[in-house]
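Source file target04.csv; content: CSV, C-alpha atoms.
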chain,number,residue,atom,x,y,z
A,1,MET,CA,76.8,112.9,85.8
A,2,ALA,CA,77.9,116.5,86.4
A,3,ARG,CA,80.6,115.3,88.8
A,4,ARG,CA,81.9,112.9,86.2
A,5,ALA,CA,82.0,115.6,83.6
A,6,GLN,CA,83.9,117.9,85.9
A,7,GLN,CA,86.4,115.2,86.8
A,8,THR,CA,87.1,114.4,83.1
A,9,THR,CA,87.5,118.1,82.3
A,10,ARG,CA,89.8,118.6,85.3
A,11,THR,CA,92.0,115.7,84.3
A,12,GLY,CA,92.3,117.2,80.8
A,13,ILE,CA,93.2,120.6,82.3
A,14,LEU,CA,95.9,119.1,84.5
A,15,ALA,CA,97.5,117.5,81.4
A,16,ILE,CA,97.4,120.7,79.5
A,17,ALA,CA,98.8,122.7,82.4
A,18,GLN,CA,101.7,120.2,82.8
A,19,GLU,CA,102.5,120.4,79.1
A,20,ALA,CA,102.4,124.2,79.1
A,21,GLY,CA,104.3,124.6,82.4
A,22,VAL,CA,101.5,126.7,84.0
A,23,SER,CA,98.9,126.2,86.7
A,24,PRO,CA,95.5,124.6,86.0
A,25,SER,CA,93.8,127.9,86.9
A,26,THR,CA,95.8,129.6,84.1
A,27,VAL,CA,94.6,127.0,81.6
A,28,SER,CA,91.0,127.7,82.8
A,29,ARG,CA,91.4,131.4,82.3
A,30,VAL,CA,92.7,130.9,78.7
A,31,ILE,CA,89.9,128.5,77.9
A,32,ASN,CA,87.2,130.8,79.3
A,33,GLY,CA,88.8,133.9,77.7
A,34,THR,CA,89.3,135.8,81.0
A,35,ALA,CA,91.9,138.4,81.7
A,36,GLY,CA,95.1,138.1,83.8
A,37,VAL,CA,97.2,135.8,81.5
A,38,THR,CA,100.4,137.0,79.8
A,39,ASP,CA,100.8,136.5,76.1
A,40,GLU,CA,103.6,134.0,76.7
A,41,LYS,CA,101.5,131.8,78.9
A,42,ARG,CA,98.5,132.1,76.7
A,43,LYS,CA,100.5,130.9,73.6
A,44,ALA,CA,102.0,128.0,75.6
A,45,VAL,CA,98.5,126.9,76.7
A,46,GLU,CA,97.1,127.2,73.2
A,47,ALA,CA,100.0,125.2,71.8
A,48,ALA,CA,99.4,122.4,74.4
A,49,ILE,CA,95.7,122.4,73.5
A,50,ALA,CA,96.4,122.1,69.8
A,51,LYS,CA,99.0,119.3,70.5
A,52,TYR,CA,96.6,117.2,72.4
A,53,HIS,CA,93.5,118.2,70.4
A,54,TYR,CA,91.9,119.1,73.7
A,55,GLU,CA,88.2,120.1,73.7
A,56,PRO,CA,86.7,121.5,76.9
A,57,ASN,CA,83.6,119.8,78.1
A,58,ARG,CA,80.8,122.2,77.2
A,59,PHE,CA,78.6,121.4,80.2
A,60,ALA,CA,81.5,121.7,82.7
A,61,ARG,CA,82.5,124.9,81.1
A,62,SER,CA,79.0,126.3,81.4
A,63,LEU,CA,79.1,125.7,85.2
A,64,VAL,CA,82.1,128.1,85.4
A,65,THR,CA,81.1,130.7,82.8
A,66,HIS,CA,77.3,130.5,83.4
A,67,GLN,CA,77.0,130.3,79.6
A,68,SER,CA,76.2,127.2,77.6
A,69,HIS,CA,77.7,128.6,74.4
A,70,ILE,CA,74.7,127.3,72.6
A,71,ILE,CA,72.6,129.5,70.2
A,72,GLY,CA,69.1,128.6,69.1
A,73,ILE,CA,67.9,129.1,65.6
A,74,LEU,CA,64.2,128.9,64.7
A,75,ILE,CA,63.2,128.7,61.1
A,76,ASP,CA,59.7,128.9,59.5
A,77,ARG,CA,58.8,125.5,58.1
A,78,SER,CA,57.5,127.3,55.0
A,79,ILE,CA,61.0,127.9,53.7
A,80,ARG,CA,62.2,128.9,50.3
A,81,TYR,CA,65.5,128.0,48.5
A,82,ALA,CA,67.3,131.0,50.1
A,83,THR,CA,66.8,129.8,53.7
A,84,ALA,CA,69.4,127.0,53.4
A,85,ASN,CA,72.2,129.5,52.6
A,86,THR,CA,71.0,131.8,55.4
A,87,LEU,CA,71.2,128.9,57.9
A,88,VAL,CA,74.7,128.0,56.7
A,89,GLN,CA,76.0,131.5,57.3
A,90,LEU,CA,74.3,131.7,60.8
A,91,GLU,CA,75.9,128.5,61.9
A,92,GLU,CA,79.4,129.4,60.5
A,93,VAL,CA,79.5,132.8,62.3
A,94,ALA,CA,78.3,131.1,65.6
A,95,SER,CA,80.9,128.3,65.2
A,96,ASN,CA,83.7,130.8,64.6
A,97,ALA,CA,82.8,132.5,67.8
A,98,GLY,CA,82.9,129.3,69.8
A,99,TYR,CA,79.2,128.6,69.8
A,100,MET,CA,77.2,125.5,68.9
A,101,SER,CA,73.9,126.1,67.2
A,102,VAL,CA,70.7,124.2,67.5
A,103,THR,CA,68.1,124.6,64.7
A,104,LEU,CA,64.3,123.9,65.1
A,105,THR,CA,61.5,124.4,62.7
A,106,ILE,CA,58.1,126.0,63.6
A,107,ASP,CA,54.8,126.4,61.8
A,108,LYS,CA,51.3,127.7,62.2
A,109,PRO,CA,49.6,127.9,64.6
A,110,TRP,CA,52.4,130.0,65.9
A,111,LYS,CA,51.6,130.0,69.6
A,112,VAL,CA,51.5,126.2,69.9
A,113,SER,CA,54.5,125.7,67.8
A,114,LEU,CA,56.5,128.3,69.6
A,115,GLN,CA,55.7,127.0,73.0
A,116,ARG,CA,57.0,123.6,72.0
A,117,ALA,CA,60.2,124.9,70.4
A,118,LEU,CA,61.0,127.4,73.2
A,119,ALA,CA,60.5,124.6,75.8
A,120,GLN,CA,63.1,122.5,74.0
A,121,LEU,CA,65.5,125.5,73.9
A,122,ARG,CA,65.1,126.2,77.6
A,123,SER,CA,66.2,122.7,78.4
A,124,LEU,CA,69.5,123.5,76.6
A,125,SER,CA,70.0,126.7,78.5
A,126,ILE,CA,70.8,128.6,75.2
A,127,ASP,CA,72.6,131.9,75.4
A,128,GLY,CA,70.6,133.6,72.6
A,129,LEU,CA,68.1,133.1,69.8
A,130,VAL,CA,67.9,134.0,66.0
A,131,VAL,CA,64.6,133.6,64.3
A,132,ILE,CA,64.0,133.6,60.5
A,133,ALA,CA,60.5,134.9,60.4
A,134,PRO,CA,59.3,135.6,56.8
A,135,ARG,CA,55.6,135.0,57.3
A,136,VAL,CA,53.1,137.4,58.9
A,137,GLY,CA,52.4,136.7,62.6
A,138,LEU,CA,55.5,134.8,63.6
A,139,ALA,CA,57.5,137.7,64.8
A,140,ASP,CA,54.6,139.2,66.7
A,141,ALA,CA,53.9,135.8,68.4
A,142,LEU,CA,57.6,135.6,69.4
A,143,ALA,CA,57.6,139.1,70.8
A,144,ALA,CA,54.5,138.3,72.9
A,145,SER,CA,55.9,135.0,74.1
A,146,GLY,CA,58.1,136.7,76.8
A,147,VAL,CA,61.4,135.3,75.6
A,148,GLN,CA,64.1,136.3,78.0
A,149,TRP,CA,67.2,135.5,75.9
A,150,PRO,CA,69.0,137.9,73.6
A,151,LEU,CA,66.9,137.8,70.5
A,152,VAL,CA,67.4,138.8,66.8
A,153,ILE,CA,64.6,138.4,64.2
A,154,ILE,CA,65.4,138.2,60.4
A,155,ASN,CA,62.6,139.6,58.2
A,156,SER,CA,61.9,142.4,55.8
A,157,LEU,CA,59.3,144.3,57.8
A,158,LEU,CA,62.0,146.3,59.6
A,159,LEU,CA,59.9,147.6,62.4
A,160,PRO,CA,60.9,147.4,66.1
A,161,TYR,CA,58.9,144.8,68.0
A,162,ALA,CA,59.9,145.3,71.6
A,163,HIS,CA,62.8,146.8,73.5
A,164,GLY,CA,65.8,144.6,73.4
A,165,ILE,CA,64.7,142.7,70.2
A,166,SER,CA,66.7,143.5,67.1
A,167,VAL,CA,65.3,143.1,63.6
A,168,VAL,CA,67.7,142.6,60.7
A,169,GLY,CA,66.7,142.5,57.0
A,170,GLU,CA,66.9,144.1,53.6
A,171,GLN,CA,65.0,147.2,52.5
A,172,GLN,CA,62.7,145.3,50.1
A,173,LEU,CA,60.1,148.1,49.9
A,174,GLU,CA,62.8,150.6,48.8
A,175,ALA,CA,64.3,148.1,46.4
A,176,SER,CA,61.0,147.3,44.8
A,177,LYS,CA,60.1,150.9,44.5
A,178,HIS,CA,63.5,151.6,42.8
A,179,LEU,CA,62.9,148.7,40.4
A,180,THR,CA,59.5,150.0,39.5
A,181,GLU,CA,60.9,153.5,38.9
A,182,HIS,CA,63.4,152.0,36.5
A,183,LEU,CA,60.5,150.5,34.5
A,184,ILE,CA,58.8,153.9,34.5
A,185,ALA,CA,62.0,155.6,33.4
A,186,GLN,CA,62.0,153.2,30.4
A,187,GLY,CA,58.7,154.7,29.4
A,188,TYR,CA,56.4,151.9,30.6
A,189,THR,CA,53.1,153.1,32.1
A,190,ARG,CA,51.0,149.9,32.4
A,191,ILE,CA,53.1,148.1,35.0
A,192,TRP,CA,51.7,145.0,36.7
A,193,HIS,CA,52.9,143.1,39.6
A,194,MET,CA,52.9,139.3,39.8
A,195,ALA,CA,52.8,138.6,43.6
A,196,GLY,CA,54.2,135.9,45.7
A,197,SER,CA,52.4,134.4,48.7
A,198,ALA,CA,50.3,137.1,50.4
A,199,ASP,CA,51.2,136.1,53.9
A,200,TRP,CA,54.9,136.8,53.5
A,201,HIS,CA,56.5,140.1,54.7
A,202,ASP,CA,58.7,139.9,51.6
A,203,GLU,CA,55.7,140.0,49.2
A,204,GLN,CA,53.9,142.7,51.2
A,205,GLN,CA,57.0,144.9,51.1
A,206,ARG,CA,57.6,144.3,47.4
A,207,ALA,CA,54.0,145.0,46.5
A,208,LEU,CA,54.0,148.1,48.6
A,209,GLY,CA,57.2,149.4,46.9
A,210,TRP,CA,55.6,148.8,43.5
A,211,LYS,CA,52.4,150.5,44.5
A,212,GLN,CA,54.1,153.6,46.0
A,213,ALA,CA,56.1,154.1,42.8
A,214,LEU,CA,53.0,154.0,40.7
A,215,GLN,CA,51.2,156.4,43.0
A,216,GLU,CA,54.0,158.9,42.9
A,217,HIS,CA,53.9,158.9,39.1
A,218,ASN,CA,50.1,158.9,38.8
A,219,LEU,CA,50.1,155.5,37.2
A,220,GLU,CA,48.3,153.5,39.8
A,221,ARG,CA,45.1,153.3,37.7
A,222,PHE,CA,47.1,151.3,35.1
A,223,GLY,CA,48.5,148.8,37.6
A,224,LYS,CA,47.2,145.4,38.3
A,225,LEU,CA,48.2,142.8,40.9
A,226,ILE,CA,48.2,139.1,39.8
A,227,GLN,CA,48.1,137.0,43.0
A,228,CYS,CA,50.2,133.8,42.9
A,229,THR,CA,52.3,131.8,45.3
A,230,TRP,CA,56.1,131.6,45.2
A,231,SER,CA,56.0,128.6,42.9
A,232,ALA,CA,57.0,128.8,39.3
A,233,GLN,CA,54.0,126.7,38.4
A,234,SER,CA,51.6,129.3,39.8
A,235,ALA,CA,53.2,132.1,37.8
A,236,TYR,CA,53.1,130.0,34.6
A,237,GLN,CA,49.4,129.2,35.1
A,238,ALA,CA,48.5,132.8,35.9
A,239,ILE,CA,50.0,134.1,32.7
A,240,MET,CA,48.3,131.3,30.6
A,241,ALA,CA,45.0,132.1,32.3
A,242,GLU,CA,45.2,135.9,31.9
A,243,ASP,CA,42.7,137.0,29.2
A,244,PHE,CA,44.2,140.5,28.8
A,245,SER,CA,40.6,141.7,28.2
A,246,ASP,CA,41.5,145.2,29.4
A,247,GLY,CA,44.7,145.3,27.4
A,248,MET,CA,48.2,144.0,27.9
A,249,PRO,CA,50.7,145.5,30.3
A,250,ASP,CA,53.9,147.2,29.2
A,251,ALA,CA,55.9,145.6,32.0
A,252,ILE,CA,55.5,143.1,34.8
A,253,PHE,CA,57.4,143.2,38.1
A,254,VAL,CA,57.5,139.5,39.2
A,255,ALA,CA,58.0,138.8,42.9
A,256,SER,CA,60.8,136.3,42.4
A,257,ASP,CA,63.2,135.3,39.7
A,258,HIS,CA,62.0,131.7,39.6
A,259,MET,CA,58.5,133.0,39.0
A,260,ALA,CA,59.8,135.3,36.3
A,261,TYR,CA,61.4,132.3,34.5
A,262,ALA,CA,58.0,130.7,34.3
A,263,ALA,CA,56.2,133.9,33.4
A,264,ILE,CA,58.5,134.5,30.4
A,265,ALA,CA,58.0,130.9,29.3
A,266,ALA,CA,54.2,131.3,29.5
A,267,LEU,CA,54.3,134.6,27.5
A,268,ARG,CA,56.5,132.9,24.9
A,269,ALA,CA,54.0,130.1,24.7
A,270,ARG,CA,51.3,132.7,23.9
A,271,GLY,CA,53.5,134.4,21.2
A,272,ILE,CA,54.3,137.4,23.4
A,273,ARG,CA,57.9,138.6,23.2
A,274,VAL,CA,60.1,139.8,26.1
A,275,PRO,CA,61.0,142.7,26.2
A,276,GLU,CA,59.6,143.8,22.8
A,277,ASP,CA,56.0,143.3,23.8
A,278,ILE,CA,56.1,143.0,27.6
A,279,ALA,CA,59.2,143.9,29.8
A,280,ILE,CA,59.9,141.6,32.7
A,281,ALA,CA,61.8,142.2,36.0
A,282,GLY,CA,62.2,139.8,38.9
A,283,TYR,CA,63.6,139.8,42.4
A,284,ASP,CA,66.4,137.8,44.1
A,285,ASP,CA,69.1,137.6,41.4
A,286,ALA,CA,68.9,133.8,41.6
A,287,GLU,CA,71.5,131.7,40.0
A,288,GLY,CA,70.7,131.5,36.3
A,289,SER,CA,69.0,134.9,35.9
A,290,ILE,CA,71.9,136.3,33.9
A,291,PHE,CA,71.7,133.3,31.5
A,292,LEU,CA,68.0,133.7,30.8
A,293,ASP,CA,67.1,134.8,27.2
A,294,PRO,CA,66.8,137.7,27.6
A,295,PRO,CA,69.0,138.2,30.8
A,296,LEU,CA,66.7,139.1,33.7
A,297,THR,CA,66.5,142.5,35.3
A,298,THR,CA,66.3,141.9,39.1
A,299,ILE,CA,67.1,142.9,42.6
A,300,LYS,CA,70.2,141.3,44.1
A,301,GLN,CA,69.8,140.3,47.7
A,302,ASP,CA,72.8,139.6,49.8
A,303,LEU,CA,71.3,137.1,52.1
A,304,PRO,CA,74.6,135.7,53.4
A,305,ALA,CA,75.4,139.3,54.6
A,306,VAL,CA,72.0,139.6,56.3
A,307,ALA,CA,72.6,136.3,58.1
A,308,ARG,CA,76.1,137.2,59.2
A,309,THR,CA,74.9,140.6,60.4
A,310,ALA,CA,72.1,139.0,62.4
A,311,MET,CA,74.5,136.6,64.1
A,312,TYR,CA,77.0,139.3,64.8
A,313,THR,CA,74.2,141.4,66.3
A,314,LEU,CA,73.2,138.5,68.6
A,315,LEU,CA,76.8,137.9,69.7
A,316,GLN,CA,77.0,141.5,70.7
A,317,LYS,CA,73.8,141.2,72.7
A,318,ILE,CA,75.1,138.1,74.5
A,319,GLU,CA,78.3,140.1,75.4
A,320,GLY,CA,76.2,142.9,76.8
A,321,LYS,CA,77.1,145.4,74.1
A,322,PRO,CA,74.5,147.9,72.7
A,323,THR,CA,72.8,147.0,69.5
A,324,ASP,CA,70.3,148.7,67.1
A,325,ASP,CA,66.7,147.8,67.3
A,326,VAL,CA,66.5,147.8,63.4
A,327,VAL,CA,69.4,147.0,61.1
A,328,ALA,CA,68.3,147.8,57.5
A,329,MET,CA,70.5,146.6,54.7
A,330,GLU,CA,70.3,147.8,51.0
A,331,ALA,CA,69.5,145.6,48.1
A,332,GLN,CA,70.9,146.3,44.6
A,333,LEU,CA,69.1,146.8,41.3
A,334,ILE,CA,70.6,144.8,38.5
A,335,VAL,CA,69.5,146.1,35.1
A,336,ARG,CA,69.6,143.6,32.2
A,337,GLN,CA,68.0,143.2,28.8
A,338,SER,CA,64.6,141.9,29.9
A,339,SER,CA,63.4,145.3,31.0
A,340,ILE,CA,65.1,147.5,28.4
A,341,ARG,CA,62.6,149.2,26.1
A,342,ALA,CA,63.1,148.2,22.4
A,343,GLN,CA,64.5,151.1,20.4
A,344,GLN,CA,62.5,150.3,17.3
A,345,LYS,CA,58.8,150.0,17.1
A,346,CYS,CA,57.5,146.4,17.2
A,347,PRO,CA,54.6,145.1,15.0
A,348,PRO,CA,51.1,145.7,16.5
A,349,ARG,CA,50.2,143.2,19.2
A,350,ASP,CA,47.0,141.2,19.5
A,351,SER,CA,45.3,142.6,22.6
A,352,ASN,CA,44.1,139.2,23.6
A,353,PRO,CA,46.5,136.6,22.3
A,354,GLU,CA,45.6,132.9,22.6
A,355,PRO,CA,48.1,130.4,23.9
A,356,THR,CA,50.1,128.8,21.0
A,357,SER,CA,51.3,125.8,23.0
A,358,SER,CA,50.3,123.8,26.2
A,359,GLN,CA,53.9,122.7,26.6
A,360,ALA,CA,55.2,122.8,30.1
A,361,TRP,CA,57.3,126.0,30.9
A,362,TRP,CA,60.5,124.0,31.7
A,363,LEU,CA,60.4,122.4,28.2
A,364,GLN,CA,60.0,125.6,26.3
A,365,PRO,CA,62.8,126.0,23.7
A,366,ASN,CA,65.4,128.7,24.0
A,367,LEU,CA,64.5,129.8,27.5
A,368,PHE,CA,68.1,129.9,28.5
A,369,TYR,CA,71.1,131.0,26.5
A,370,HIS,CA,74.8,130.6,27.4
A,371,PRO,CA,76.9,133.7,26.6
A,372,PHE,CA,80.6,133.7,26.4
A,373,PHE,CA,82.3,136.6,28.0
Translate this structure into structure tokens?
Amino acid sequence: MARRAQQTTRTGILAIAQEAGVSPSTVSRVINGTAGVTDEKRKAVEAAIAKYHYEPNRFARSLVTHQSHIIGILIDRSIRYATANTLVQLEEVASNAGYMSVTLTIDKPWKVSLQRALAQLRSLSIDGLVVIAPRVGLADALAASGVQWPLVIINSLLLPYAHGISVVGEQQLEASKHLTEHLIAQGYTRIWHMAGSADWHDEQQRALGWKQALQEHNLERFGKLIQCTWSAQSAYQAIMAEDFSDGMPDAIFVASDHMAYAAIAALRARGIRVPEDIAIAGYDDAEGSIFLDPPLTTIKQDLPAVARTAMYTLLQKIEGKPTDDVVAMEAQLIVRQSSIRAQQKCPPRDSNPEPTSSQAWWLQPNLFYHPFF
């Protein structure tokens, strides 16, 4: 099989060499990106390759370069909507650099799932590995697995795991703290947090940023954490079930925009206004957040940039170039009307309002509006 692949590739190289008027070894140097080829000869070879739509045999090429030009990507099976875009960006950067990517999913228990996935990747002789590791335990299991490839982990914990492993992610703790400080600056003191799934680094970092901001302003005693999952349904049900027996919050920092959409709908179903009665802020700047009524204050994540940075970092590792152990990227606070304190006093609120409707949140009227700019 290997001999047949080499013969097929060799015949292709001979045809390209004849067309370009160079030796077969020159064609090989151009294909493999090695030095010692003049610009004139390189252009002639590239023109011949383009003319005949020649594609080097990947296996035969790996015998020469000792590289497969294959990159492995592992993603947590418990993915959210943002993971698809991250994956597209990873594959695009790899492809532009001449690498094919192979994507596998993993799940708990991490050790068993990782053993299976890593065995598959070893059979492909990959050159490097990127792992999207949002849930607690995955990155630690990976670091303990003894992976020998160049490795980059994408998550928001932003702590070095082991020498040679790079972690790339956004500073979600700092962003969440900044958002909470914005709410405090508006004059809100009773600031609650509606949490996403507790076993995600993203949620842990967002909750920690919220808590730190309250502590620094001596407001922690007024805070309350409402535990949900990442689903909009869990957020809606949590608001509908909340009895507000100890009083209503001034503001709620919701762990994601999609959860915030549902929280606003539930508040509205109970006759509670946003932001006049309770201010709301989300996280993600998901599509549609600006069209919400009122437009949603949120944290804008640049997940495509995180993915591209992760793959660029891996490519540097593969090439033997130095890389940082931690690459921390900033997220941006986007202030919109949902968190702006009303200038005029509102009528007194019922401290424990009852739901006015059992209508599903996605059927609530006037949840979205369509501004014309």
Practice task
Tell me, in Å to one decimal, how far CA of Asp246 in chain A is from CA of Arg190 in chain A.
Solution key: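 Calculated distance between CA of Asp246 in chain A and CA of Arg190 in chain A is 11.0 Å.
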Exercise for the section: Give as JSON, numbers by chain each residue that has an atom at most 8 Å from (60.7, 127.8, 60.0) in the file, counting all atoms listed in the file. Expected result: {"A": [74, 75, 76, 77, 78, 79, 104, 105, 106, 107, 132, 133]}
How would the residues just chosen look if you wrote them out with C-alpha atoms as a PDB file, in the coordinates of the input?
ATOM      1  CA  LEU A  74      64.200 128.900  64.700  1.00  0.00           C
ATOM      2  CA  ILE A  75      63.200 128.700  61.100  1.00  0.00           C
ATOM      3  CA  ASP A  76      59.700 128.900  59.500  1.00  0.00           C
ATOM      4  CA  ARG A  77      58.800 125.500  58.100  1.00  0.00           C
ATOM      5  CA  SER A  78      57.500 127.300  55.000  1.00  0.00           C
ATOM      6  CA  ILE A  79      61.000 127.900  53.700  1.00  0.00           C
ATOM      7  CA  LEU A 104      64.300 123.900  65.100  1.00  0.00           C
ATOM      8  CA  THR A 105      61.500 124.400  62.700  1.00  0.00           C
ATOM      9  CA  ILE A 106      58.100 126.000  63.600  1.00  0.00           C
ATOM     10  CA  ASP A 107      54.800 126.400  61.800  1.00  0.00           C
ATOM     11  CA  ILE A 132      64.000 133.600  60.500  1.00  0.00           C
ATOM     12  CA  ALA A 133      60.500 134.900  60.400  1.00  0.00           C
TER      13      ALA A 133
END
Exercise for the section: Would you mind reading off the distance between CA of Asp39 in chain A and CA of Ser68 in chain A, one decimal, in Å? Expected result: 26.3 Å
Handout entry: Spatial neighbours of Val102 in chain A, 10 Å, only C-alpha atoms, chain gap at least 3 places, as a VMD selection string
Key = chain A and resid 70 to 74 91 99 121 124 126 129
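When all atoms listed in the file are used to measure the gap to Ala307 in chain A, the shortest distance among A:Leu90, A:Ala281, A:Ala185, A:Gly98 belongs to A:Leu90.
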Practice task
Within 8 Å of range 312-329 of chain A, counting all atoms listed in the file, which residues show up once you throw out same-chain ones fewer than 4 positions away? Write them as a VMD selection string, please.
Solution key: chain A and resid 93 127 to 130 150 to 152 158 to 160 163 to 171 306 308
Practice task
Measure the distance from CA of Ala310 in chain A to CA of Ala331 in chain A in Å and round it to one decimal.
Solution key: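 A separation of 16.0 Å between them.
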Kindly reconstruct range 249-273 of chain A with N, CA and C atoms and present the result as a tab-separated table (two decimals), in the frame of the given file.
chain	number	residue	atom	x	y	z
A	249	PRO	N	49.79	144.56	29.63
A	249	PRO	CA	50.70	145.50	30.30
A	249	PRO	C	51.91	145.80	29.47
A	250	ASP	N	52.57	146.91	29.80
A	250	ASP	CA	53.90	147.20	29.20
A	250	ASP	C	54.98	146.43	29.86
A	251	ALA	N	54.81	146.21	31.17
A	251	ALA	CA	55.90	145.60	32.00
A	251	ALA	C	55.22	144.85	33.14
A	252	ILE	N	55.89	143.80	33.60
A	252	ILE	CA	55.50	143.10	34.80
A	252	ILE	C	56.63	142.94	35.75
A	253	PHE	N	56.43	143.40	36.97
A	253	PHE	CA	57.40	143.20	38.10
A	253	PHE	C	56.97	141.90	38.76
A	254	VAL	N	57.79	140.87	38.60
A	254	VAL	CA	57.50	139.50	39.20
A	254	VAL	C	58.19	139.42	40.52
A	255	ALA	N	57.51	138.84	41.50
A	255	ALA	CA	58.00	138.80	42.90
A	255	ALA	C	59.25	138.04	43.11
A	256	SER	N	59.59	137.10	42.24
A	256	SER	CA	60.80	136.30	42.40
A	256	SER	C	61.35	135.96	41.01
A	257	ASP	N	62.64	135.68	40.93
A	257	ASP	CA	63.20	135.30	39.70
A	257	ASP	C	62.69	133.97	39.15
A	258	HIS	N	62.51	133.00	40.04
A	258	HIS	CA	62.00	131.70	39.60
A	258	HIS	C	60.59	131.83	39.03
A	259	MET	N	59.78	132.70	39.60
A	259	MET	CA	58.50	133.00	39.00
A	259	MET	C	58.61	133.67	37.69
A	260	ALA	N	59.60	134.56	37.58
A	260	ALA	CA	59.80	135.30	36.30
A	260	ALA	C	60.21	134.34	35.19
A	261	TYR	N	61.04	133.33	35.52
A	261	TYR	CA	61.40	132.30	34.50
A	261	TYR	C	60.13	131.73	33.88
A	262	ALA	N	59.21	131.34	34.75
A	262	ALA	CA	58.00	130.70	34.30
A	262	ALA	C	57.07	131.68	33.55
A	263	ALA	N	57.03	132.92	34.03
A	263	ALA	CA	56.20	133.90	33.40
A	263	ALA	C	56.68	134.17	31.94
A	264	ILE	N	57.99	134.25	31.75
A	264	ILE	CA	58.50	134.50	30.40
A	264	ILE	C	58.20	133.27	29.51
A	265	ALA	N	58.31	132.06	30.04
A	265	ALA	CA	58.00	130.90	29.30
A	265	ALA	C	56.51	130.87	28.85
A	266	ALA	N	55.63	131.29	29.77
A	266	ALA	CA	54.20	131.30	29.50
A	266	ALA	C	53.90	132.40	28.41
A	267	LEU	N	54.52	133.56	28.55
A	267	LEU	CA	54.30	134.60	27.50
A	267	LEU	C	54.79	134.13	26.18
A	268	ARG	N	55.92	133.45	26.17
A	268	ARG	CA	56.50	132.90	24.90
A	268	ARG	C	55.52	131.89	24.30
A	269	ALA	N	54.92	131.08	25.15
A	269	ALA	CA	54.00	130.10	24.70
A	269	ALA	C	52.74	130.73	24.03
A	270	ARG	N	52.47	131.97	24.42
A	270	ARG	CA	51.30	132.70	23.90
A	270	ARG	C	51.75	133.63	22.72
A	271	GLY	N	53.00	133.54	22.31
A	271	GLY	CA	53.50	134.40	21.20
A	271	GLY	C	53.79	135.79	21.59
A	272	ILE	N	54.02	136.03	22.87
A	272	ILE	CA	54.30	137.40	23.40
A	272	ILE	C	55.81	137.48	23.66
A	273	ARG	N	56.44	138.51	23.13
A	273	ARG	CA	57.90	138.60	23.20
A	273	ARG	C	58.31	139.45	24.44
